[in-house]
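Worksheet: the structure to be examined is printed underneath.
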Amino acid sequence: MGSVGAKEVPVLLSPEGLRIDGRRLDELRPIRIQAGALRQADGSAFVEWGANKVMAAVYGPREVHPRHLQQNNKAVIQCRYNMAAFSVDERKRPGLDRRSQEISKVIAEAFESVVFAEEFPRTSIDVYIEVLQANAGTRCAGLVAASVALADAGIPMVDLLPAVAVGKVGGAIALDLKKEEDNFGEADLPMALVPQSGRLVLLQMEGHMSPEELAQSLDLGVRGCREIYEKMKQALRERYALTPAAGGAA
Amino acid sequence: MSEEVSAEILTTHILDLAAEGKRLDGRGPDEYRSVSIEPGFVATADGSALARIGDTAVLCGIKLEPGKPFPDTPNAGVLTTNAELVPLSSPVFEPGPPQPGAIEVSRVVDRAIRAAETIDLTRLCVTPSEKSWVCYVDMHALGHAGNLIDTALLSAVSALAHATVPAKRFEVAEADYPLEVRHFPIECTFVRLGDTIAVDPTFDEERAAQGRLTVATDETGQIVAMQKGLVGAFSPDDVKDVARRAFVHGDRLRGLARGGGSA
């Protein structure tokens with residue numbers, strides 16, 4: 001929605017209903033998830049999603065830093081979503097800007113909604129997300145990576161958390177926007193789903209949508225999340241298969 | 001460390017009441033506390049408004065200064081939103097750099113103002129790439145009894161609607177002129193209390209809540225921003241229902257944001 005004073009708006013939707021990269025409106029970009037991508041972390045995952053590259057690591061349950069955040073009845077979940085300076089076209093100043101802090105907060109709250117934190121009182125579960133290459137949808141890619149990393153770390157959870165953004169491009173509701181669509185689109189609605197309950201634990205939106213378009217977006221997003229959910233489970237199966245050949249069958 | 005310990009018994013009580021469709025302060029699940037807006041509260045600002053929802057109060061002051069457009073938007077002015085949750089307004093706020101809660105309030109308010117195209121930023125451009133107005137929207141919490149987001153946006157939209165561009169003072173034009181507000185976004189925040197979804201949560205209800213959902217609507221029937229916060233979950237049907245309710249409350253509160261007054 002950075003459309004203020006923008007130069008040329010590219011054609012986002014062809015007459016045949018195909019998008020700028022040839023996808024259908026309900027089609028995801030290619031996603032590759034690797035569980036256990038880092039040796040030092042308790043759990044980790046690397047996600048390549050379209051032109052996004054995101055690494056996530058989980059440490060803990062471990063001692064709480066800073067100490068005053070410690071809770072006597074449950075673990076605290078601390079999340080740090082960070083973008084590398086070189087992850088976007090124009091160099092980003094290193095460190096957490098306000099956007100990153102807000103995203104860190106909503107991601108932490110999403111995980112707190114599914115992790116059995118009561119099992120680890122007085123500890124911290126630290127979730128680190130590093131966006132290495134960004135092309136729209138990084139909070140969702142980060143959430144998916146972090147969720148697989150939490151599972152890889154053996155943290156008990158209600159379910160994995162698939163996430164995807166739905167948007168509005170050329171007047172149509174579309175799944176999983178890429179950068180050009182996000183920049184010139186009319187709305188962006190990221191969400192994260194608990195597949196077991198069908199409920200959303202992360203939901204944000206910016207742009208213009210009628211109530212009917214919102215309903216349509218929610219339905220499309222939930223379907224997209226379920227597709228991503230399968231890929232997340234597959235990544236974990238591959239990581240923990242007894243023999244490489246047993247791959248997806250475990 | 002001043003993280004207030006909310007008594008578990010109070011949380012249980014709030015949830016028990018909610019199961020019967022009741023609330024601690026006697027409201028129904030779909031009722032706001034009393035809302036009032038006082039535009040022009042601060043004479044030194046170019047526009048200001050004090051908004052109150054129950055005992056929650058946010059004062060917004062607008063300042064406009066000449067500056068430079070961002071390189072990627074050479075034809076537009078600059079809008080900067082900031083919320084200060086100052087320690088005087090609640091025992092849970094501490095001095096120091098903004099905490100994630102304050103950042104969330106200012107970003108969610110900013111998102112609604114921007115997405116609704118509340119002010120036409122291109123009209124704040126004086127010379128493309130060279131000179132434009134920078135519009136600072138600074139919000140000060142003066143009481144936190146729950147639902148800061150809705151209160152903050154009410155104060156911001158009302159302050160913008162009553163703001164003057166100080167063109168004469170900065171020698172940009174012959175005379176000052178009113179800042180034109182084109183749309184009136186209103187945010188309505190709901191919390192889940194068990195199976196009940198209640199509007200306009202109090203501080204204690206926010207503590208007891210199993211999820212918070214804010215929906216911003218404009219006067220043209222569009223949803224312009226949303227934010228789910230806190231620990232908890234909403235089904236897609238919950239979201240649709242909350243959006244429907246947000247339009248009903250939004251349309252009612254919009255009149256106040258335009259003209260001031262109370263309801």
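Labels used: A, B, ... for chains in the order of the structure tokens, numbers from 1 for residues in each chain, and numbers from 1 for ligands as shown.
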
(message) Using only C-alpha atoms and a distance of at most 10 Å, pull out the residues of chain A that contact chain B, as a ChimeraX atom specification.
(response) /A:1-7,68-69,97-114,186-194,197-215,217-219,221-222

(request) Find the spatial neighbours of A:Val144, counting only C-alpha atoms, within a cut-off of 9 Å - ignore same-chain residues fewer than 5 positions away - and output them as a list in words. (result) Ile33, Ala45, Val47, Ala56, Arg139, Ala149, Leu160, Leu161, Pro162, Ala163, Val164, Ala192, Ile228, Tyr229 and Met232 of chain A

Using N, CA and C atoms, can you export the residues from the last selection as a PDB file, in the first residue's frame?
ATOM      1  N   ILE A  33      11.135 -26.056   2.951  1.00  0.00           N
ATOM      2  CA  ILE A  33      11.382 -25.944   4.392  1.00  0.00           C
ATOM      3  C   ILE A  33      12.403 -26.993   4.800  1.00  0.00           C
ATOM      4  N   ALA A  45      15.165 -23.971  11.675  1.00  0.00           N
ATOM      5  CA  ALA A  45      14.590 -24.252  10.357  1.00  0.00           C
ATOM      6  C   ALA A  45      14.976 -23.144   9.397  1.00  0.00           C
ATOM      7  N   VAL A  47      13.719 -21.503   5.752  1.00  0.00           N
ATOM      8  CA  VAL A  47      12.594 -21.494   4.825  1.00  0.00           C
ATOM      9  C   VAL A  47      12.935 -20.631   3.611  1.00  0.00           C
ATOM     10  N   ALA A  56      15.301 -19.513  11.186  1.00  0.00           N
ATOM     11  CA  ALA A  56      14.767 -19.376  12.541  1.00  0.00           C
ATOM     12  C   ALA A  56      15.486 -20.350  13.466  1.00  0.00           C
ATOM     13  N   ARG A 139       6.914 -11.974   7.568  1.00  0.00           N
ATOM     14  CA  ARG A 139       6.470 -12.350   8.915  1.00  0.00           C
ATOM     15  C   ARG A 139       5.855 -13.748   8.878  1.00  0.00           C
ATOM     16  N   ALA A 149      10.962 -24.788  13.806  1.00  0.00           N
ATOM     17  CA  ALA A 149      12.106 -24.786  14.722  1.00  0.00           C
ATOM     18  C   ALA A 149      11.676 -25.174  16.140  1.00  0.00           C
ATOM     19  N   LEU A 160       1.330 -27.166  14.984  1.00  0.00           N
ATOM     20  CA  LEU A 160       2.202 -26.275  14.225  1.00  0.00           C
ATOM     21  C   LEU A 160       1.379 -25.055  13.801  1.00  0.00           C
ATOM     22  N   LEU A 161       2.074 -23.972  13.444  1.00  0.00           N
ATOM     23  CA  LEU A 161       1.382 -22.746  13.056  1.00  0.00           C
ATOM     24  C   LEU A 161       1.713 -22.356  11.619  1.00  0.00           C
ATOM     25  N   PRO A 162       0.957 -22.861  10.652  1.00  0.00           N
ATOM     26  CA  PRO A 162       1.157 -22.358   9.298  1.00  0.00           C
ATOM     27  C   PRO A 162       0.639 -20.936   9.186  1.00  0.00           C
ATOM     28  N   ALA A 163       1.270 -20.143   8.318  1.00  0.00           N
ATOM     29  CA  ALA A 163       0.878 -18.747   8.165  1.00  0.00           C
ATOM     30  C   ALA A 163       1.003 -18.336   6.709  1.00  0.00           C
ATOM     31  N   VAL A 164       0.151 -17.413   6.315  1.00  0.00           N
ATOM     32  CA  VAL A 164       0.218 -16.892   4.944  1.00  0.00           C
ATOM     33  C   VAL A 164      -0.478 -15.535   4.907  1.00  0.00           C
ATOM     34  N   ALA A 192      -2.132 -16.443  10.806  1.00  0.00           N
ATOM     35  CA  ALA A 192      -1.569 -17.736  11.196  1.00  0.00           C
ATOM     36  C   ALA A 192      -2.683 -18.574  11.784  1.00  0.00           C
ATOM     37  N   ILE A 228       0.269 -25.187   3.476  1.00  0.00           N
ATOM     38  CA  ILE A 228       1.596 -24.979   4.054  1.00  0.00           C
ATOM     39  C   ILE A 228       1.830 -25.948   5.218  1.00  0.00           C
ATOM     40  N   TYR A 229       0.773 -26.218   5.974  1.00  0.00           N
ATOM     41  CA  TYR A 229       0.823 -27.152   7.105  1.00  0.00           C
ATOM     42  C   TYR A 229       1.398 -28.505   6.664  1.00  0.00           C
ATOM     43  N   MET A 232       5.071 -28.273   6.185  1.00  0.00           N
ATOM     44  CA  MET A 232       5.785 -28.187   7.468  1.00  0.00           C
ATOM     45  C   MET A 232       5.939 -29.580   8.077  1.00  0.00           C
TER      46      MET A 232
END

(request) Just give me the gap between atom CA of A:Val76 and atom CA of A:Asp152 in Å, one decimal is fine. (result)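 Result for atom CA of A:Val76 versus atom CA of A:Asp152: 18.5 Å, one decimal.
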
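Around B:Asp55, within 9 Å and counting only C-alpha atoms, the residues found are Arg33, Gly143, His144, Ala145 and Gly146 of chain B, once anything fewer than 6 positions away on its own chain is removed.
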
Using N, CA and C atoms, can you write the selected residues to a file as an mmCIF file, in the first residue's frame?
data_model
loop_
_atom_site.group_PDB
_atom_site.id
_atom_site.type_symbol
_atom_site.label_atom_id
_atom_site.label_comp_id
_atom_site.auth_asym_id
_atom_site.auth_seq_id
_atom_site.Cartn_x
_atom_site.Cartn_y
_atom_site.Cartn_z
ATOM 1 N N ARG B 33 -18.109 1.993 26.962
ATOM 2 C CA ARG B 33 -18.227 2.925 28.071
ATOM 3 C C ARG B 33 -18.569 4.289 27.468
ATOM 4 N N GLY B 143 -4.274 8.297 31.006
ATOM 5 C CA GLY B 143 -5.084 7.431 31.853
ATOM 6 C C GLY B 143 -5.284 6.138 31.096
ATOM 7 N N HIS B 144 -4.915 5.013 31.703
ATOM 8 C CA HIS B 144 -5.056 3.732 31.014
ATOM 9 C C HIS B 144 -5.971 2.829 31.831
ATOM 10 N N ALA B 145 -7.239 2.819 31.447
ATOM 11 C CA ALA B 145 -8.202 1.919 32.091
ATOM 12 C C ALA B 145 -8.710 0.933 31.050
ATOM 13 N N GLY B 146 -7.849 0.601 30.077
ATOM 14 C CA GLY B 146 -8.217 -0.356 29.036
ATOM 15 C C GLY B 146 -8.595 0.302 27.729
#

(message) Ranking B:Asp46, B:Ser158, B:Val126, B:Pro69 by minimum distance to B:Asp176 and counting only C-alpha atoms, which one comes first?
(response)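 Result for the nearest residue to B:Asp176: B:Asp46.
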
(message) So that I can check the secondary structure, give me every residue of stretch 25-241 of chain A assigned strand (DSSP E or B) by backbone DSSP, as a ChimeraX atom specification.
(response) /A:31-35,43-49,52-62,76-83,115,124-133,157,163-169,172-175,187-194,199-209

Just C-alpha atoms for this one: save the residues we selected as a PDB file, in the first residue's frame.
ATOM      1  CA  ILE A  31       8.069 -23.230  -0.549  1.00  0.00           C
ATOM      2  CA  ARG A  32      11.022 -25.242   0.665  1.00  0.00           C
ATOM      3  CA  ILE A  33      11.382 -25.944   4.392  1.00  0.00           C
ATOM      4  CA  GLN A  34      14.453 -27.466   5.971  1.00  0.00           C
ATOM      5  CA  ALA A  35      14.078 -28.505   9.608  1.00  0.00           C
ATOM      6  CA  GLY A  43      15.760 -26.262  17.189  1.00  0.00           C
ATOM      7  CA  SER A  44      15.991 -24.532  13.841  1.00  0.00           C
ATOM      8  CA  ALA A  45      14.590 -24.252  10.357  1.00  0.00           C
ATOM      9  CA  PHE A  46      15.406 -22.566   7.090  1.00  0.00           C
ATOM     10  CA  VAL A  47      12.594 -21.494   4.825  1.00  0.00           C
ATOM     11  CA  GLU A  48      12.819 -20.443   1.211  1.00  0.00           C
ATOM     12  CA  TRP A  49       9.460 -19.117   0.131  1.00  0.00           C
ATOM     13  CA  ASN A  52      12.189 -14.958   0.700  1.00  0.00           C
ATOM     14  CA  LYS A  53      14.986 -16.601   2.670  1.00  0.00           C
ATOM     15  CA  VAL A  54      14.384 -16.840   6.407  1.00  0.00           C
ATOM     16  CA  MET A  55      16.300 -18.645   9.156  1.00  0.00           C
ATOM     17  CA  ALA A  56      14.767 -19.376  12.541  1.00  0.00           C
ATOM     18  CA  ALA A  57      16.320 -20.785  15.705  1.00  0.00           C
ATOM     19  CA  VAL A  58      14.866 -21.769  19.067  1.00  0.00           C
ATOM     20  CA  TYR A  59      16.814 -21.857  22.311  1.00  0.00           C
ATOM     21  CA  GLY A  60      15.331 -23.211  25.493  1.00  0.00           C
ATOM     22  CA  PRO A  61      13.585 -23.761  27.736  1.00  0.00           C
ATOM     23  CA  ARG A  62      16.481 -21.991  29.436  1.00  0.00           C
ATOM     24  CA  VAL A  76       7.944 -16.846  28.790  1.00  0.00           C
ATOM     25  CA  ILE A  77       8.198 -16.867  25.028  1.00  0.00           C
ATOM     26  CA  GLN A  78      10.491 -14.189  23.688  1.00  0.00           C
ATOM     27  CA  CYS A  79      10.626 -13.546  19.988  1.00  0.00           C
ATOM     28  CA  ARG A  80      13.031 -11.456  17.978  1.00  0.00           C
ATOM     29  CA  TYR A  81      12.150 -10.881  14.329  1.00  0.00           C
ATOM     30  CA  ASN A  82      15.019  -9.118  12.644  1.00  0.00           C
ATOM     31  CA  MET A  83      15.778  -8.125   9.072  1.00  0.00           C
ATOM     32  CA  VAL A 115       2.863 -23.700  23.324  1.00  0.00           C
ATOM     33  CA  SER A 124      12.382 -18.725  28.646  1.00  0.00           C
ATOM     34  CA  ILE A 125      11.799 -20.123  25.199  1.00  0.00           C
ATOM     35  CA  ASP A 126      13.672 -17.813  22.846  1.00  0.00           C
ATOM     36  CA  VAL A 127      12.619 -17.665  19.224  1.00  0.00           C
ATOM     37  CA  TYR A 128      14.936 -15.882  16.805  1.00  0.00           C
ATOM     38  CA  ILE A 129      13.921 -15.077  13.257  1.00  0.00           C
ATOM     39  CA  GLU A 130      16.411 -13.617  10.808  1.00  0.00           C
ATOM     40  CA  VAL A 131      15.139 -12.433   7.454  1.00  0.00           C
ATOM     41  CA  LEU A 132      18.073 -12.786   5.063  1.00  0.00           C
ATOM     42  CA  GLN A 133      16.314 -11.998   1.806  1.00  0.00           C
ATOM     43  CA  MET A 157       2.583 -27.412  21.328  1.00  0.00           C
ATOM     44  CA  ALA A 163       0.878 -18.747   8.165  1.00  0.00           C
ATOM     45  CA  VAL A 164       0.218 -16.892   4.944  1.00  0.00           C
ATOM     46  CA  ALA A 165      -0.796 -13.446   3.741  1.00  0.00           C
ATOM     47  CA  VAL A 166      -3.817 -12.821   1.566  1.00  0.00           C
ATOM     48  CA  GLY A 167      -4.115  -9.577  -0.334  1.00  0.00           C
ATOM     49  CA  LYS A 168      -6.034  -7.692  -2.937  1.00  0.00           C
ATOM     50  CA  VAL A 169      -4.413  -7.103  -6.304  1.00  0.00           C
ATOM     51  CA  ALA A 172      -9.128  -9.509  -6.806  1.00  0.00           C
ATOM     52  CA  ILE A 173      -8.409 -11.428  -3.607  1.00  0.00           C
ATOM     53  CA  ALA A 174      -5.109 -13.276  -4.019  1.00  0.00           C
ATOM     54  CA  LEU A 175      -3.087 -15.707  -1.928  1.00  0.00           C
ATOM     55  CA  ALA A 187      -4.808  -4.716   0.856  1.00  0.00           C
ATOM     56  CA  ASP A 188      -2.614  -7.099   2.805  1.00  0.00           C
ATOM     57  CA  LEU A 189      -3.885  -9.541   5.431  1.00  0.00           C
ATOM     58  CA  PRO A 190      -1.358 -11.854   7.096  1.00  0.00           C
ATOM     59  CA  MET A 191      -2.695 -14.660   9.269  1.00  0.00           C
ATOM     60  CA  ALA A 192      -1.569 -17.736  11.196  1.00  0.00           C
ATOM     61  CA  LEU A 193      -3.859 -20.729  11.707  1.00  0.00           C
ATOM     62  CA  VAL A 194      -4.087 -23.426  14.371  1.00  0.00           C
ATOM     63  CA  ARG A 199      -8.769 -20.626  14.755  1.00  0.00           C
ATOM     64  CA  LEU A 200      -6.430 -17.748  13.945  1.00  0.00           C
ATOM     65  CA  VAL A 201      -3.732 -16.691  16.400  1.00  0.00           C
ATOM     66  CA  LEU A 202      -2.182 -14.005  14.235  1.00  0.00           C
ATOM     67  CA  LEU A 203      -4.258 -11.623  12.168  1.00  0.00           C
ATOM     68  CA  GLN A 204      -3.376  -8.221  10.823  1.00  0.00           C
ATOM     69  CA  MET A 205      -4.705  -6.183   7.937  1.00  0.00           C
ATOM     70  CA  GLU A 206      -4.030  -2.964   6.103  1.00  0.00           C
ATOM     71  CA  GLY A 207      -5.709  -1.574   3.018  1.00  0.00           C
ATOM     72  CA  HIS A 208      -9.276  -1.552   1.779  1.00  0.00           C
ATOM     73  CA  MET A 209     -11.666  -4.501   1.923  1.00  0.00           C
TER      74      MET A 209
END
